[in-house]
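A.B. asks: Structure: data-v6.txt, compact mmCIF, C-alpha atoms and all ligand atoms.
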# COMPACT_ATOMS: atom_id res chain seq x y z
CA MET Q 1 2.60 -20.88 -20.41
CA GLU Q 2 1.76 -17.24 -20.86
CA LEU Q 3 2.30 -14.60 -18.21
CA SER Q 4 -1.44 -13.99 -18.05
CA GLN Q 5 -1.86 -17.55 -16.74
CA LEU Q 6 0.99 -17.27 -14.25
CA GLY Q 7 -0.16 -13.89 -12.91
CA GLU Q 8 1.75 -11.41 -10.75
CA PHE Q 9 1.72 -13.61 -7.66
CA GLY Q 10 2.80 -16.66 -9.67
CA LEU Q 11 5.69 -14.66 -11.08
CA ILE Q 12 6.78 -13.56 -7.61
CA SER Q 13 6.63 -17.21 -6.45
CA ARG Q 14 8.80 -18.16 -9.44
CA ALA Q 15 11.32 -15.47 -8.49
CA LYS Q 16 11.25 -16.72 -4.91
CA GLU Q 17 12.00 -20.29 -6.04
CA ILE Q 18 14.85 -19.16 -8.26
CA PHE Q 19 16.46 -16.61 -5.91
CA ILE Q 20 15.91 -18.38 -2.60
CA PRO Q 21 17.20 -19.61 -0.28
CA SER Q 22 19.47 -16.66 0.06
CA ASP Q 23 22.63 -18.06 1.66
CA LYS Q 24 24.11 -14.64 2.19
CA GLU Q 25 24.70 -14.03 5.85
CA GLY Q 26 22.53 -11.35 7.40
CA VAL Q 27 19.38 -11.72 5.28
CA VAL Q 28 16.69 -11.85 7.95
CA VAL Q 29 13.74 -11.32 5.57
CA GLY Q 30 14.10 -12.08 1.85
CA ILE Q 31 11.47 -12.17 -0.89
CA GLY Q 32 7.90 -12.28 0.38
CA ASP Q 33 7.30 -9.34 2.68
CA ASP Q 34 6.80 -5.59 2.23
CA CYS Q 35 10.53 -5.00 2.66
CA ALA Q 36 13.62 -7.16 2.77
CA ALA Q 37 15.50 -6.93 6.09
CA ILE Q 38 19.25 -7.24 6.51
CA LYS Q 39 21.17 -7.37 9.74
CA LEU Q 40 24.19 -5.09 9.67
CA ARG Q 41 24.64 -4.36 13.35
CA LYS Q 42 23.38 -5.81 16.58
CA GLY Q 43 19.70 -5.23 17.26
CA PHE Q 44 19.05 -3.20 14.08
CA LEU Q 45 17.92 -4.17 10.60
CA LEU Q 46 18.36 -2.34 7.33
CA ILE Q 47 15.04 -2.57 5.47
CA ALA Q 48 14.70 -2.09 1.72
CA THR Q 49 11.83 -1.85 -0.73
CA THR Q 50 11.47 -0.93 -4.40
CA ASP Q 51 8.58 -0.27 -6.79
CA ALA Q 52 8.31 0.42 -10.49
CA ILE Q 53 5.75 2.95 -11.66
CA ILE Q 54 5.14 2.92 -15.40
CA GLU Q 55 3.21 5.36 -17.57
CA GLY Q 56 0.22 3.66 -19.15
CA ILE Q 57 0.23 0.91 -16.51
CA HIS Q 58 0.21 2.74 -13.20
CA PHE Q 59 -0.70 6.25 -14.31
CA LYS Q 60 -1.71 8.35 -17.27
CA LEU Q 61 -0.30 11.83 -17.67
CA ASP Q 62 -3.66 13.26 -18.64
CA TYR Q 63 -4.86 13.04 -15.06
CA ILE Q 64 -1.80 13.26 -12.80
CA GLN Q 65 0.44 16.30 -12.56
CA PRO Q 66 4.21 15.69 -12.50
CA TYR Q 67 4.46 17.10 -8.97
CA GLN Q 68 1.76 14.71 -7.75
CA LEU Q 69 3.49 11.82 -9.50
CA GLY Q 70 6.69 12.68 -7.65
CA ILE Q 71 4.90 12.62 -4.30
CA LYS Q 72 3.14 9.36 -5.14
CA SER Q 73 6.38 7.66 -6.25
CA ILE Q 74 8.02 8.17 -2.89
CA ASN Q 75 4.93 7.71 -0.76
CA ILE Q 76 3.99 4.26 -2.05
CA ASN Q 77 7.48 3.03 -1.15
CA LEU Q 78 7.32 4.66 2.27
CA SER Q 79 4.11 2.74 2.82
CA ASP Q 80 6.10 -0.54 2.67
CA ILE Q 81 8.49 0.81 5.32
CA ALA Q 82 5.44 1.66 7.46
CA ALA Q 83 4.17 -1.91 7.11
CA MET Q 84 7.39 -3.22 8.70
CA GLY Q 85 7.15 -0.79 11.63
CA GLY Q 86 10.29 0.93 10.37
CA ILE Q 87 11.77 4.39 9.95
CA PRO Q 88 12.59 5.49 6.39
CA LEU Q 89 16.02 7.03 5.82
CA TYR Q 90 17.25 7.14 2.21
CA ALA Q 91 15.89 6.79 -1.30
CA LEU Q 92 17.32 6.13 -4.76
CA LEU Q 93 15.38 7.29 -7.80
CA SER Q 94 15.76 5.88 -11.32
CA ILE Q 95 13.80 7.38 -14.19
CA ALA Q 96 13.51 6.64 -17.89
CA VAL Q 97 12.24 9.67 -19.79
CA PRO Q 98 11.13 10.11 -23.41
CA GLN Q 99 13.26 12.75 -25.16
CA ILE Q 100 10.30 14.95 -26.00
CA PHE Q 101 9.47 15.65 -22.34
CA SER Q 102 10.04 19.22 -21.16
CA VAL Q 103 12.56 20.21 -18.53
CA LYS Q 104 9.68 21.86 -16.68
CA PHE Q 105 7.90 18.53 -16.39
CA ILE Q 106 10.96 16.81 -14.93
CA ASN Q 107 11.65 19.71 -12.57
CA GLU Q 108 8.14 19.50 -11.18
CA PHE Q 109 8.35 15.73 -10.86
CA LEU Q 110 11.67 15.98 -8.98
CA LYS Q 111 10.23 18.69 -6.74
CA GLY Q 112 7.36 16.34 -5.85
CA VAL Q 113 9.82 13.59 -4.96
CA LYS Q 114 11.84 16.06 -2.88
CA ASP Q 115 8.84 17.42 -0.98
CA GLY Q 116 7.44 13.92 -0.39
CA ALA Q 117 10.79 12.75 0.94
CA LYS Q 118 11.32 15.87 3.07
CA ARG Q 119 8.00 15.43 4.82
CA PHE Q 120 9.22 12.11 6.20
CA LYS Q 121 12.86 13.15 6.64
CA VAL Q 122 14.12 10.95 3.80
CA SER Q 123 17.24 11.89 1.78
CA ILE Q 124 17.49 11.13 -1.90
CA ILE Q 125 21.01 9.75 -2.19
CA GLY Q 126 21.23 8.60 -5.81
CA GLY Q 127 19.52 6.93 -8.71
CA ASN Q 128 19.80 6.62 -12.45
CA VAL Q 129 18.60 8.39 -15.59
CA SER Q 130 17.90 6.84 -18.95
CA SER Q 131 16.05 7.84 -22.09
CA SER Q 132 12.96 5.91 -23.02
CA LYS Q 133 11.21 5.31 -26.34
CA ASN Q 134 7.65 6.09 -25.35
CA GLU Q 135 6.79 5.87 -21.69
CA PHE Q 136 7.93 7.70 -18.60
CA SER Q 137 8.95 5.10 -16.05
CA ILE Q 138 10.02 5.49 -12.46
CA ASN Q 139 11.79 3.13 -10.14
CA MET Q 140 12.13 4.15 -6.53
CA THR Q 141 14.06 2.29 -3.85
CA VAL Q 142 13.72 3.24 -0.21
CA LEU Q 143 16.01 2.17 2.60
CA GLY Q 144 15.16 2.42 6.26
CA GLU Q 145 15.77 0.77 9.56
CA VAL Q 146 13.91 -1.05 12.27
CA GLU Q 147 14.99 -2.53 15.57
CA GLU Q 148 14.96 -6.31 15.33
CA LYS Q 149 12.61 -6.53 18.32
CA TYR Q 150 10.04 -4.22 16.72
CA MET Q 151 9.97 -5.50 13.14
CA THR Q 152 6.44 -6.52 12.12
CA LEU Q 153 5.95 -9.00 9.29
CA ARG Q 154 3.12 -10.48 7.22
CA LYS Q 155 3.85 -13.64 9.18
CA GLY Q 156 3.06 -13.93 12.88
CA THR Q 157 -0.69 -13.86 13.43
CA GLU Q 158 -2.66 -16.75 14.97
CA ALA Q 159 -6.29 -17.88 15.08
CA GLY Q 160 -8.30 -15.65 17.41
CA ASP Q 161 -6.40 -12.43 16.61
CA LYS Q 162 -8.57 -9.48 15.57
CA ILE Q 163 -8.05 -7.91 12.15
CA PHE Q 164 -7.80 -4.13 11.93
CA VAL Q 165 -7.41 -1.60 9.18
CA THR Q 166 -6.40 2.08 9.28
CA GLY Q 167 -8.45 4.72 7.46
CA TYR Q 168 -11.08 3.92 4.84
CA LEU Q 169 -10.96 1.50 1.92
CA GLY Q 170 -11.97 1.95 -1.69
CA ASP Q 171 -11.38 5.70 -1.88
CA SER Q 172 -8.36 5.47 -4.16
CA ALA Q 173 -10.18 3.30 -6.71
CA ALA Q 174 -13.18 5.65 -6.58
CA GLY Q 175 -10.80 8.59 -7.14
CA LEU Q 176 -9.35 6.83 -10.17
CA GLU Q 177 -12.87 6.28 -11.55
CA ILE Q 178 -13.53 10.00 -11.25
CA LEU Q 179 -10.27 10.81 -13.03
CA LYS Q 180 -10.90 8.27 -15.79
CA SER Q 181 -14.39 9.52 -16.42
CA SER Q 182 -12.98 12.96 -17.23
CA PRO Q 183 -10.27 12.19 -19.78
CA GLY Q 184 -8.28 14.61 -21.83
CA HIS Q 185 -7.68 17.20 -19.16
CA PRO Q 186 -4.15 18.54 -19.43
CA SER Q 187 -1.85 17.21 -16.77
CA GLY Q 188 -4.41 16.93 -14.03
CA GLY Q 189 -5.55 20.53 -14.52
CA TRP Q 190 -9.04 19.18 -14.18
CA VAL Q 191 -8.37 18.18 -10.60
CA ALA Q 192 -7.99 21.80 -9.56
CA ALA Q 193 -11.41 22.41 -11.00
CA VAL Q 194 -13.03 19.55 -9.09
CA SER Q 195 -16.02 21.11 -7.50
CA SER Q 196 -17.13 19.08 -4.53
CA GLN Q 197 -15.12 18.33 -1.42
CA TRP Q 198 -15.78 14.60 -1.58
CA ARG Q 199 -14.58 14.36 -5.17
CA LYS Q 200 -11.40 16.17 -4.19
CA LYS Q 201 -10.81 13.82 -1.28
CA LEU Q 202 -11.21 10.69 -3.42
CA VAL Q 203 -9.04 12.03 -6.22
CA ASN Q 204 -6.30 13.16 -3.84
CA LYS Q 205 -6.28 9.79 -2.12
CA HIS Q 206 -5.54 8.23 -5.49
CA LEU Q 207 -3.00 10.79 -6.65
CA MET Q 208 -1.11 11.34 -3.40
CA PRO Q 209 -1.72 8.58 -0.83
CA ILE Q 210 -0.17 9.30 2.57
CA PRO Q 211 2.02 6.53 3.99
CA ARG Q 212 0.91 5.45 7.45
CA LEU Q 213 4.42 5.71 8.88
CA LYS Q 214 3.46 7.10 12.26
CA GLU Q 215 0.75 4.51 12.71
CA GLY Q 216 2.91 1.56 11.62
CA ARG Q 217 5.75 2.64 13.87
CA PHE Q 218 3.40 3.08 16.82
CA LEU Q 219 1.92 -0.40 16.40
CA ALA Q 220 5.40 -1.90 16.17
CA VAL Q 221 6.95 -0.07 19.11
CA LYS Q 222 3.98 -0.81 21.36
CA LYS Q 223 4.19 -4.44 20.19
CA LEU Q 224 0.50 -4.45 19.39
CA ALA Q 225 0.50 -5.82 15.84
CA THR Q 226 1.16 -9.55 15.44
CA SER Q 227 1.30 -9.13 11.64
CA MET Q 228 1.05 -6.19 9.26
CA ILE Q 229 0.91 -5.35 5.54
CA ASP Q 230 0.08 -2.22 3.58
CA ILE Q 231 -2.94 -2.52 1.30
CA SER Q 232 -1.60 -1.88 -2.17
CA ASP Q 233 -3.61 -4.35 -4.24
CA GLY Q 234 -6.91 -4.36 -2.31
CA LEU Q 235 -8.10 -5.90 0.94
CA ALA Q 236 -8.94 -9.22 -0.76
CA SER Q 237 -5.40 -9.69 -2.04
CA ASP Q 238 -3.58 -8.39 0.97
CA ILE Q 239 -5.48 -10.34 3.64
CA ARG Q 240 -4.64 -13.42 1.56
CA ARG Q 241 -0.94 -12.55 1.76
CA ILE Q 242 -1.11 -12.30 5.55
CA CYS Q 243 -2.99 -15.61 5.71
CA GLU Q 244 -0.57 -17.40 3.40
CA GLU Q 245 2.51 -16.14 5.21
CA SER Q 246 1.05 -16.87 8.66
CA ASN Q 247 -0.60 -20.15 7.62
CA VAL Q 248 -4.03 -19.14 8.94
CA GLY Q 249 -7.49 -18.19 7.65
CA ALA Q 250 -9.70 -15.14 8.19
CA ASN Q 251 -13.30 -14.05 8.55
CA ILE Q 252 -14.01 -10.52 7.31
CA PHE Q 253 -17.29 -8.93 8.37
CA ILE Q 254 -18.63 -6.97 5.42
CA LYS Q 255 -20.63 -4.60 7.63
CA ASN Q 256 -17.42 -3.56 9.43
CA ILE Q 257 -15.39 -2.61 6.35
CA PRO Q 258 -14.78 1.14 6.73
CA ILE Q 259 -16.32 3.16 3.89
CA SER Q 260 -15.73 6.92 3.91
CA LYS Q 261 -18.46 9.54 3.63
CA SER Q 262 -16.82 10.65 0.39
CA LEU Q 263 -17.13 7.19 -1.14
CA LYS Q 264 -20.74 6.97 0.02
CA SER Q 265 -21.39 10.29 -1.73
CA LYS Q 266 -19.96 9.01 -4.99
CA ILE Q 267 -21.47 5.53 -4.90
CA ARG Q 268 -24.81 4.88 -3.27
CA ASN Q 269 -24.92 1.11 -3.76
CA PRO Q 270 -23.33 -0.57 -0.68
CA LYS Q 271 -22.35 -3.64 -2.73
CA SER Q 272 -20.35 -1.48 -5.14
CA GLN Q 273 -18.70 0.34 -2.24
CA ILE Q 274 -17.60 -2.99 -0.75
CA ASN Q 275 -16.33 -4.20 -4.13
CA LEU Q 276 -14.07 -1.17 -4.41
CA ALA Q 277 -12.82 -1.70 -0.85
CA LEU Q 278 -12.07 -5.38 -1.51
CA TYR Q 279 -10.67 -5.27 -5.01
CA GLY Q 280 -9.83 -1.63 -5.77
CA GLY Q 281 -6.33 -1.31 -4.36
CA GLU Q 282 -3.90 1.59 -3.95
CA ASP Q 283 -5.40 2.69 -0.64
CA TYR Q 284 -2.04 2.27 1.13
CA GLU Q 285 -3.75 1.78 4.46
CA LEU Q 286 -2.32 -0.66 7.00
CA LEU Q 287 -3.94 -4.03 7.57
CA PHE Q 288 -2.83 -5.57 10.87
CA THR Q 289 -3.76 -8.13 13.48
CA VAL Q 290 -3.92 -7.77 17.26
CA LYS Q 291 -4.20 -10.34 20.04
CA PRO Q 292 -7.73 -10.24 21.53
CA GLU Q 293 -6.32 -9.47 25.00
CA ASN Q 294 -4.56 -6.37 23.55
CA VAL Q 295 -7.56 -4.85 21.77
CA ARG Q 296 -8.58 -2.69 24.73
CA LYS Q 297 -5.04 -1.47 25.17
CA LEU Q 298 -4.82 -0.63 21.47
CA LYS Q 299 -8.05 1.34 21.53
CA SER Q 300 -7.06 3.33 24.58
CA LEU Q 301 -3.51 4.04 23.34
CA TRP Q 302 -4.85 4.99 19.90
CA LYS Q 303 -6.94 7.86 21.28
CA ASN Q 304 -4.36 10.53 20.39
CA MET Q 305 -3.89 9.30 16.83
CA LYS Q 306 -5.76 11.19 14.13
CA THR Q 307 -6.14 8.19 11.83
CA HIS Q 308 -9.25 6.13 12.25
CA ILE Q 309 -8.94 2.35 12.90
CA THR Q 310 -11.61 -0.33 12.52
CA THR Q 311 -11.87 -4.00 13.47
CA ILE Q 312 -12.98 -5.78 10.32
CA GLY Q 313 -12.73 -9.41 11.30
CA GLU Q 314 -10.76 -12.15 12.93
CA ILE Q 315 -8.10 -14.70 12.14
CA THR Q 316 -9.23 -18.33 11.95
CA GLY Q 317 -7.56 -21.71 11.42
CA LYS Q 318 -8.03 -21.80 7.67
CA GLY Q 319 -10.09 -20.47 4.73
CA ILE Q 320 -10.75 -16.82 3.97
CA ASN Q 321 -14.42 -15.87 4.23
CA LEU Q 322 -16.61 -12.83 3.98
CA ILE Q 323 -19.43 -12.67 6.49
CA ASN Q 324 -22.55 -11.00 5.07
CA PRO Q 325 -24.56 -8.62 7.23
CA ASP Q 326 -27.17 -11.43 7.59
CA GLY Q 327 -24.49 -13.78 8.97
CA LYS Q 328 -24.08 -15.86 5.82
CA THR Q 329 -20.52 -17.01 5.12
CA ILE Q 330 -19.13 -16.65 1.60
CA PRO Q 331 -15.62 -17.84 0.66
CA LEU Q 332 -13.56 -14.85 -0.48
CA LYS Q 333 -12.81 -15.38 -4.13
CA GLY Q 334 -10.39 -13.60 -6.38
CA GLU Q 335 -7.88 -10.99 -5.63
CA GLY Q 336 -7.34 -7.29 -6.16
CA TYR Q 337 -5.22 -5.72 -8.85
CA ASN Q 338 -2.93 -8.25 -10.49
CA HIS Q 339 -0.44 -7.39 -13.22
CA PHE Q 340 -0.72 -9.71 -16.25
CA LYS Q 341 -4.34 -10.64 -15.50
CA SER Q 342 -7.04 -8.51 -17.03
P1 LIG Q 401 4.53 -4.90 -2.18
O1 LIG Q 401 3.15 -4.86 -2.81
O2 LIG Q 401 4.51 -4.81 -0.70
O3 LIG Q 401 5.50 -3.93 -2.82
P2 LIG Q 401 4.98 -7.18 -3.82
O4 LIG Q 401 3.72 -7.96 -3.83
O5 LIG Q 401 5.25 -6.28 -4.99
O6 LIG Q 401 5.07 -6.34 -2.46
O7 LIG Q 401 6.18 -8.16 -3.66
C1 LIG Q 401 6.15 -9.19 -2.74
C2 LIG Q 401 7.56 -9.68 -2.51
O8 LIG Q 401 8.13 -10.18 -3.71
C3 LIG Q 401 8.50 -8.59 -2.00
O9 LIG Q 401 9.34 -9.18 -1.04
C4 LIG Q 401 9.28 -8.21 -3.26
O10 LIG Q 401 10.57 -7.72 -2.93
C5 LIG Q 401 9.37 -9.53 -3.98
N1 LIG Q 401 9.51 -9.39 -5.46
C6 LIG Q 401 8.63 -8.86 -6.34
N2 LIG Q 401 9.09 -8.90 -7.58
C7 LIG Q 401 10.30 -9.50 -7.53
C8 LIG Q 401 11.31 -9.84 -8.49
N3 LIG Q 401 11.15 -9.57 -9.77
N4 LIG Q 401 12.43 -10.45 -8.04
C9 LIG Q 401 12.62 -10.70 -6.73
N5 LIG Q 401 11.72 -10.42 -5.79
C10 LIG Q 401 10.58 -9.82 -6.15
MG MG Q 402 3.44 -3.65 0.58
Step by step, read the file and then write its structure as structure tokens.

C.D. replies:
Amino acid sequence: MELSQLGEFGLISRAKEIFIPSDKEGVVVGIGDDCAAIKLRKGFLLIATTDAIIEGIHFKLDYIQPYQLGIKSININLSDIAAMGGIPLYALLSIAVPQIFSVKFINEFLKGVKDGAKRFKVSIIGGNVSSSKNEFSINMTVLGEVEEKYMTLRKGTEAGDKIFVTGYLGDSAAGLEILKSSPGHPSGGWVAAVSSQWRKKLVNKHLMPIPRLKEGRFLAVKKLATSMIDISDGLASDIRRICEESNVGANIFIKNIPISKSLKSKIRNPKSQINLALYGGEDYELLFTVKPENVRKLKSLWKNMKTHITTIGEITGKGINLINPDGKTIPLKGEGYNHFKS
């Protein structure tokens, strides 16, 4: 069988079969969530996440500046810490760099990582450097902690819970479309020249997504979220992960999916907007579920938060469906971005 048939999720399942069950004492969460969680001392868990970011696969250097790439590398890992309700603490950075790259490029990249980490009080404590034949590749690992009683997983939601999302969906994919439609601009220089405000917003959301750490922590500490994930591969993929882990289904109301004014300015067709929100990915917003009796409490406690939240649906017994504005139910097919599948 070829990898294209197995797909990214198939490969992760294979890894899970081979590596699990982990019989090492202290592994509270192993493969299958946004972070692994390890119990080192009473009441507290060490949480760990890692992501590879490869030139040509995840980014192209003709539209992202090294500084922006540094910020993005740390932020997408911090997003996984947010999804567990945790606090990030330390990071390790491994890079493989082609020999022809300039010192200036690497300096700017490292400065981006540093500034991204500093903003969320994370210390870079180590890593690795290697040369590479052709592509620049980055591997970031972030460690953090969460109290056992506050940890929020993909598993835990039940039928009847309301589904919420932070921010707006589809902006990152729209930003990438803008970047791709203007190729050949040196190291993102084009971005500085982006004229309209909405274009800038979409492009920045793609280049430097902000991890929803404050929001994730708040939901965890207030014990409002019964399950949580960060949307890295698109709403369609990530709601499926919550449903699989929690053994439930979901109804998503298309008319409730939050679409930003910027996205509406770029794309007029509502169907295309929804497609980007469902399948685009890289929004790094939080998708979470709340018990119906806690929805009022959530809304009133959320008043001081800057980030917008929207109810987009509800958890059911089984099956994942989209509900059209006219009330028609359509089974949600497909998934968002998937490595190995084109
Ligand atoms: P996320 O999008 O939140 O980073 P992924 O979908 O990449 O999560 O991964 C899902 C789970 O599978 C995580 O627990 C991750 O640690 C695990 N995982 C992914 N790739 C591998 C691998 N090669 N070996 C072991 N575990 C893996
Ligand atoms: Mg994640």

A.B. asks: Rank nothing, just name the residue among Q:Asp233, Q:Asp51, Q:Asp62, Q:Asp80 nearest to Ala173 of chain Q, using all atoms listed in the file.

C.D. replies: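 Ranked by minimum distance to Ala173 of chain Q, first place goes to Q:Asp233.
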
A.B. asks: Just give me the gap between atom CA of Leu202 of chain Q and atom CA of Asp171 of chain Q in Å, one decimal is fine.

C.D. replies: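 For atom CA of Leu202 of chain Q relative to atom CA of Asp171 of chain Q, the distance reads 5.2 Å.
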
A.B. asks: Could you make a table, as CSV, of the residues of chain Q that have an atom within 7 Å of an atom of ligand LIG 401 (chain Q), each with its nearest atom pair and distance in Å to one decimal, counting only C-alpha atoms and all ligand atoms, in chain and number order?

C.D. replies:
residue,atom,partner,partner_atom,distance
Q:Ile12,CA,Q:LIG401,N2,5.2
Q:Ala15,CA,Q:LIG401,N4,5.2
Q:Lys16,CA,Q:LIG401,N5,6.4
Q:Gly30,CA,Q:LIG401,O9,6.3
Q:Ile31,CA,Q:LIG401,O9,3.7
Q:Gly32,CA,Q:LIG401,O9,3.7
Q:Asp33,CA,Q:LIG401,O9,4.2
Q:Asp34,CA,Q:LIG401,O2,3.8
Q:Cys35,CA,Q:LIG401,O9,5.7
Q:Ala36,CA,Q:LIG401,O9,6.1
Q:Thr49,CA,Q:LIG401,O10,6.4
Q:Thr50,CA,Q:LIG401,O3,6.9
Q:Asp51,CA,Q:LIG401,O3,6.2
Q:Asp80,CA,Q:LIG401,O2,5.7
Q:Asp230,CA,Q:LIG401,O2,6.7
Q:Ser232,CA,Q:LIG401,O1,5.6
Q:Asp233,CA,Q:LIG401,O1,6.9

A.B. asks: So which one's closest to Ser137 of chain Q, Q:Val97, Q:Leu301, Q:Leu219, Q:Val203? Using only C-alpha atoms, please.

C.D. replies: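 Closest to Ser137 of chain Q, using only C-alpha atoms: Q:Val97.
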
A.B. asks: What does the distance from atom CA of Tyr90 of chain Q to atom CA of Pro66 of chain Q come to in Å, to one decimal?

C.D. replies: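 According to the coordinates, atom CA of Tyr90 of chain Q and atom CA of Pro66 of chain Q are separated by 21.4 Å.
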
A.B. asks: Report, in Å to a single decimal, how far apart atom CA of Thr226 of chain Q and atom CA of Lys149 of chain Q are.

C.D. replies: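 Interatomic distance here is 12.2 Å.
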
A.B. asks: Between Q:Ile76, Q:Val129, Q:Ile254, Q:Leu89, which residue has the minimum interatomic distance to ligand MG 402 (chain Q), considering all atoms listed in the file?

C.D. replies: Q:Ile76

A.B. asks: Taking into account only C-alpha atoms and all ligand atoms, which residue in the set Q:Phe101, Q:Phe253, Q:Tyr284, Q:Tyr63 is nearest to ligand MG 402 (chain Q)?

C.D. replies: Q:Tyr284

A.B. asks: Which of these, Q:Ala48, Q:Met305, Q:Ile81, Q:Leu40, has the shortest distance to ligand MG 402 (chain Q) once you count all atoms listed in the file?

C.D. replies: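 Nearest to ligand MG 402 (chain Q): Q:Ile81.
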
A.B. asks: Can you list, as an NGL selection string, every protein, DNA or RNA residue that comes within 9 Å of Ile257 of chain Q when you count all atoms listed in the file, leaving out same-chain residues fewer than 2 positions away?

C.D. replies: :Q and (165 or 168-169 or 252-255 or 259 or 274 or 277-278 or 310-313)

A.B. asks: Nearest to His206 of chain Q among Q:Leu176, Q:Ala220, Q:Ile138, Q:Leu93, with distances taken over only C-alpha atoms: which residue is it?

C.D. replies: Q:Leu176

A.B. asks: List as a PyMOL selection string: which residues have an atom within 12 Å of (0.8, -16.7, 4.6), counting only C-alpha atoms?

C.D. replies: chain Q and resi 32-33+153-158+227-229+237-250+315+317-320

A.B. asks: Which residues come within 8 Å of Ser132 of chain Q, counting all atoms listed in the file, excluding same-chain residues fewer than 5 positions away, as a CSV table (one decimal) with C-alpha atoms, in the coordinates of the input?

C.D. replies:
chain,number,residue,atom,x,y,z
Q,96,ALA,CA,13.5,6.6,-17.9
Q,97,VAL,CA,12.2,9.7,-19.8
Q,98,PRO,CA,11.1,10.1,-23.4
Q,99,GLN,CA,13.3,12.8,-25.2

A.B. asks: Within 8 Å of (12.6, -3.3, 12.4) (file coordinates; all atoms listed in the file), which protein or nucleic acid residues are there? I'd like them as a list of chain:residue names.

C.D. replies: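 Checking each residue against the 8 Å limit leaves Q:Ala37, Q:Phe44, Q:Leu45, Q:Leu46, Q:Ile47, Q:Met84, Q:Gly85, Q:Gly86, Q:Glu145, Q:Val146, Q:Glu147, Q:Glu148, Q:Lys149, Q:Tyr150, Q:Met151, Q:Thr152.
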